[in-house]
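Asker: Sharing a structure here in structure tokens format.
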Amino acid sequence: AQKVTQAQTEISVVEKEDVTLDCVYETRDTTYYLFWYKQPPSGELVFLIRRNSFDEQNEISGRYSWNFQKSTSSFNFTITASQVVDSAVYFCALSATGGGNKLTFGTGTQLKVEL
Amino acid sequence: EAQVTQNPRYLITVTGKKLTVTCSQNMNHEYMSWYRQDPGLGLRQIYYSMNVEVTDKGDVPEGYKVSRKEKRNFPLILESPSPNQTSLYFCASSLYGDSGEAFFGQGTRLTVV
């Protein structure tokens, strides 16, 4: 069975601060995929990144970066110089092969960025 | 524009009154899923489909039905809704199944009274 844990329920930061959202996963599969989604106040789910289990390279996209460490089963997400528009709920998710496109989601982290 | 369209966006209904939430995608994706989102629980998969006429249960299928008669459509049916099915529902589609990015609809907020 798969499991994703996002221990941080809510994080509040002041604009321009850096913030890291933690994600720890559990799976017995050797091939799996990890995702991050953003849910802004408007409610839709926005895809941010996908990473497969064989690619441990960190990735940077603008102010966003992701750190994937198989040794600790973690896939953490960092926002550098946060902005008010980053305020949202962020979900980490896991998909394993043979799962029929089933995403196992964490419970989400509510990020509030204040002026 | 590539999209997943759900209808209705908001629905208030009474216990026991059958309802259908429609989902349609225009990306020719084979994989489609339904999720429900509840506070503190994240999103949980209700049902999924890997192709026309191929559906299977997810983690929380009780009280729901689905059908996949056409590739683009994947309706969610609540035969006899109950208050514990009050939730935010999302339909999703994907081209590559497990490895693929899932595209989500706008969500349907359902309240059962």
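FYI, nothing fancy with the structure tokens labels: chains A, B, ... in order, residues from 1 per chain, ligands from 1 as they appear.
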What are the residues of chain B lining chain A at 6 Å or less? Count only C-alpha atoms, and put the answer as number ranges by chain.
Answerer: B: 40-43, 97-98, 106
Asker: Please give the complete set of residues from chain A that DSSP, run on the backbone, assigns to helix (DSSP H, G or I), formatted as a list in words.
Answerer: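 Everything in chain A that counts as helix (DSSP H, G or I) is Lys70, Ser71, Thr72, Val84, Val85 and Asp86 of chain A.
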Asker: Go ahead and save the residues from that selection, with N, CA and C atoms, as a short mmCIF file (atom, residue, chain, number, x, y, z; two decimals), in the first residue's frame.
Answerer:
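Result went into part_6.cif, see below:
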```cif
data_model
loop_
_atom_site.label_atom_id
_atom_site.label_comp_id
_atom_site.auth_asym_id
_atom_site.auth_seq_id
_atom_site.Cartn_x
_atom_site.Cartn_y
_atom_site.Cartn_z
N LYS A 70 15.73 9.38 -2.24
CA LYS A 70 15.19 8.03 -2.04
C LYS A 70 15.63 7.46 -0.70
N SER A 71 16.80 7.85 -0.24
CA SER A 71 17.32 7.28 1.01
C SER A 71 16.43 7.62 2.20
N THR A 72 15.78 8.76 2.12
CA THR A 72 14.88 9.16 3.21
C THR A 72 13.42 9.16 2.76
N VAL A 84 2.78 36.55 -2.23
CA VAL A 84 1.39 36.38 -1.79
C VAL A 84 0.65 35.41 -2.72
N VAL A 85 0.97 35.44 -4.01
CA VAL A 85 0.30 34.57 -4.98
C VAL A 85 0.64 33.10 -4.76
N ASP A 86 1.64 32.83 -3.94
CA ASP A 86 1.98 31.44 -3.63
C ASP A 86 1.03 30.85 -2.58
#
```
Asker: So that I can see what lies close to Val4 (chain B), please list as a list in words the residues with an atom at most 8 Å from it, counting only C-alpha atoms and leaving out residues fewer than 5 positions away in the same chain.
Answerer: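 In the requested form, the answer reads Cys23, Ser24, Gln25, Asn26, Cys91, Ala92, Ser93, Phe103, Phe104, Gly105 and Gln106 of chain B.
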Asker: Distance CA of Val89 (chain A)-CA of Gln39 (chain A), one decimal place?
Answerer: 5.0 Å
Asker: As an mmCIF file with N, CA and C atoms, in the first residue's frame, please: the residues near region 56-70 of chain B (cut-off 7 Å, only C-alpha atoms, same-chain neighbours under 6 positions excluded).
Answerer:
```cif
data_model
loop_
_atom_site.group_PDB
_atom_site.id
_atom_site.type_symbol
_atom_site.label_atom_id
_atom_site.label_comp_id
_atom_site.auth_asym_id
_atom_site.auth_seq_id
_atom_site.Cartn_x
_atom_site.Cartn_y
_atom_site.Cartn_z
ATOM 1 N N ARG B 44 -8.947 11.396 -2.239
ATOM 2 C CA ARG B 44 -8.979 9.934 -2.263
ATOM 3 C C ARG B 44 -9.700 9.469 -3.522
ATOM 4 N N GLN B 45 -9.155 8.431 -4.129
ATOM 5 C CA GLN B 45 -9.720 7.962 -5.388
ATOM 6 C C GLN B 45 -10.990 7.136 -5.141
ATOM 7 N N ILE B 46 -12.009 7.425 -5.930
ATOM 8 C CA ILE B 46 -13.281 6.715 -5.803
ATOM 9 C C ILE B 46 -13.339 5.560 -6.805
ATOM 10 N N TYR B 47 -13.177 5.874 -8.072
ATOM 11 C CA TYR B 47 -13.157 4.903 -9.159
ATOM 12 C C TYR B 47 -12.187 5.398 -10.219
ATOM 13 N N TYR B 48 -11.729 4.449 -11.023
ATOM 14 C CA TYR B 48 -10.927 4.845 -12.162
ATOM 15 C C TYR B 48 -11.294 3.987 -13.370
ATOM 16 N N SER B 49 -10.855 4.450 -14.529
ATOM 17 C CA SER B 49 -11.129 3.727 -15.767
ATOM 18 C C SER B 49 -9.880 3.773 -16.638
ATOM 19 N N LEU B 76 -20.052 10.236 -12.828
ATOM 20 C CA LEU B 76 -20.113 9.690 -11.463
ATOM 21 C C LEU B 76 -21.568 9.710 -11.016
ATOM 22 N N ILE B 77 -22.043 8.562 -10.586
ATOM 23 C CA ILE B 77 -23.445 8.419 -10.224
ATOM 24 C C ILE B 77 -23.581 8.108 -8.738
ATOM 25 N N LEU B 78 -24.439 8.870 -8.073
ATOM 26 C CA LEU B 78 -24.777 8.583 -6.683
ATOM 27 C C LEU B 78 -26.240 8.150 -6.688
#
```
Asker: Using only C-alpha atoms, which of B:Val21, B:Ala102, B:Val14, B:Ala2 sits nearest Leu88 (chain B)?
Answerer: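 Counting only C-alpha atoms, the residue closest to Leu88 (chain B) is B:Val21.
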Asker: With only C-alpha atoms as the basis for distance, which of B:Ser94, B:Ser33, B:Thr20, B:Asn28 is at the shortest distance from Val54 (chain B)?
Answerer: B:Ser33
Asker: Would you list, as a ChimeraX atom specification, the residues of region 1-59 of chain A that end up in strand (DSSP E or B) under DSSP run on this structure's backbone?
Answerer: /A:3-5,10-14,19-21,24-26,32-39,46-52,59
Asker: With only C-alpha atoms as the atoms that count, which of B:Thr13, B:Asn51, B:Thr5, B:Phe90 lies nearest to Thr108 (chain B)?
Answerer: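 Checking each of B:Thr13, B:Asn51, B:Thr5, B:Phe90 against Thr108 (chain B), counting only C-alpha atoms, the winner is B:Phe90.
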Asker: Do you know which residues are at most 10 Å from region 59-64 of chain A counting only C-alpha atoms, after dropping those on the same chain fewer than 2 positions away, and could you put them as a count of residues only?
Answerer: 18
Asker: Using only C-alpha atoms, which of B:Leu110, B:Val52, B:Met27, B:Leu19 sits nearest Ser87 (chain B)?
Answerer: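 With only C-alpha atoms as the atom set, the closest residue is B:Leu110.
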Asker: Under the rule that only C-alpha atoms are counted, which of B:Asn84, B:Thr111, B:Glu79, B:Ser99 is the nearest residue to Lys17 (chain B)?
Answerer: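 Closest to Lys17 (chain B) of all the choices is B:Glu79.
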Asker: Rounded to one decimal, what separation in Å do you get between CA of Glu114 (chain A) and CA of Ser87 (chain A)?
Answerer: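 It comes out at 8.5 Å.
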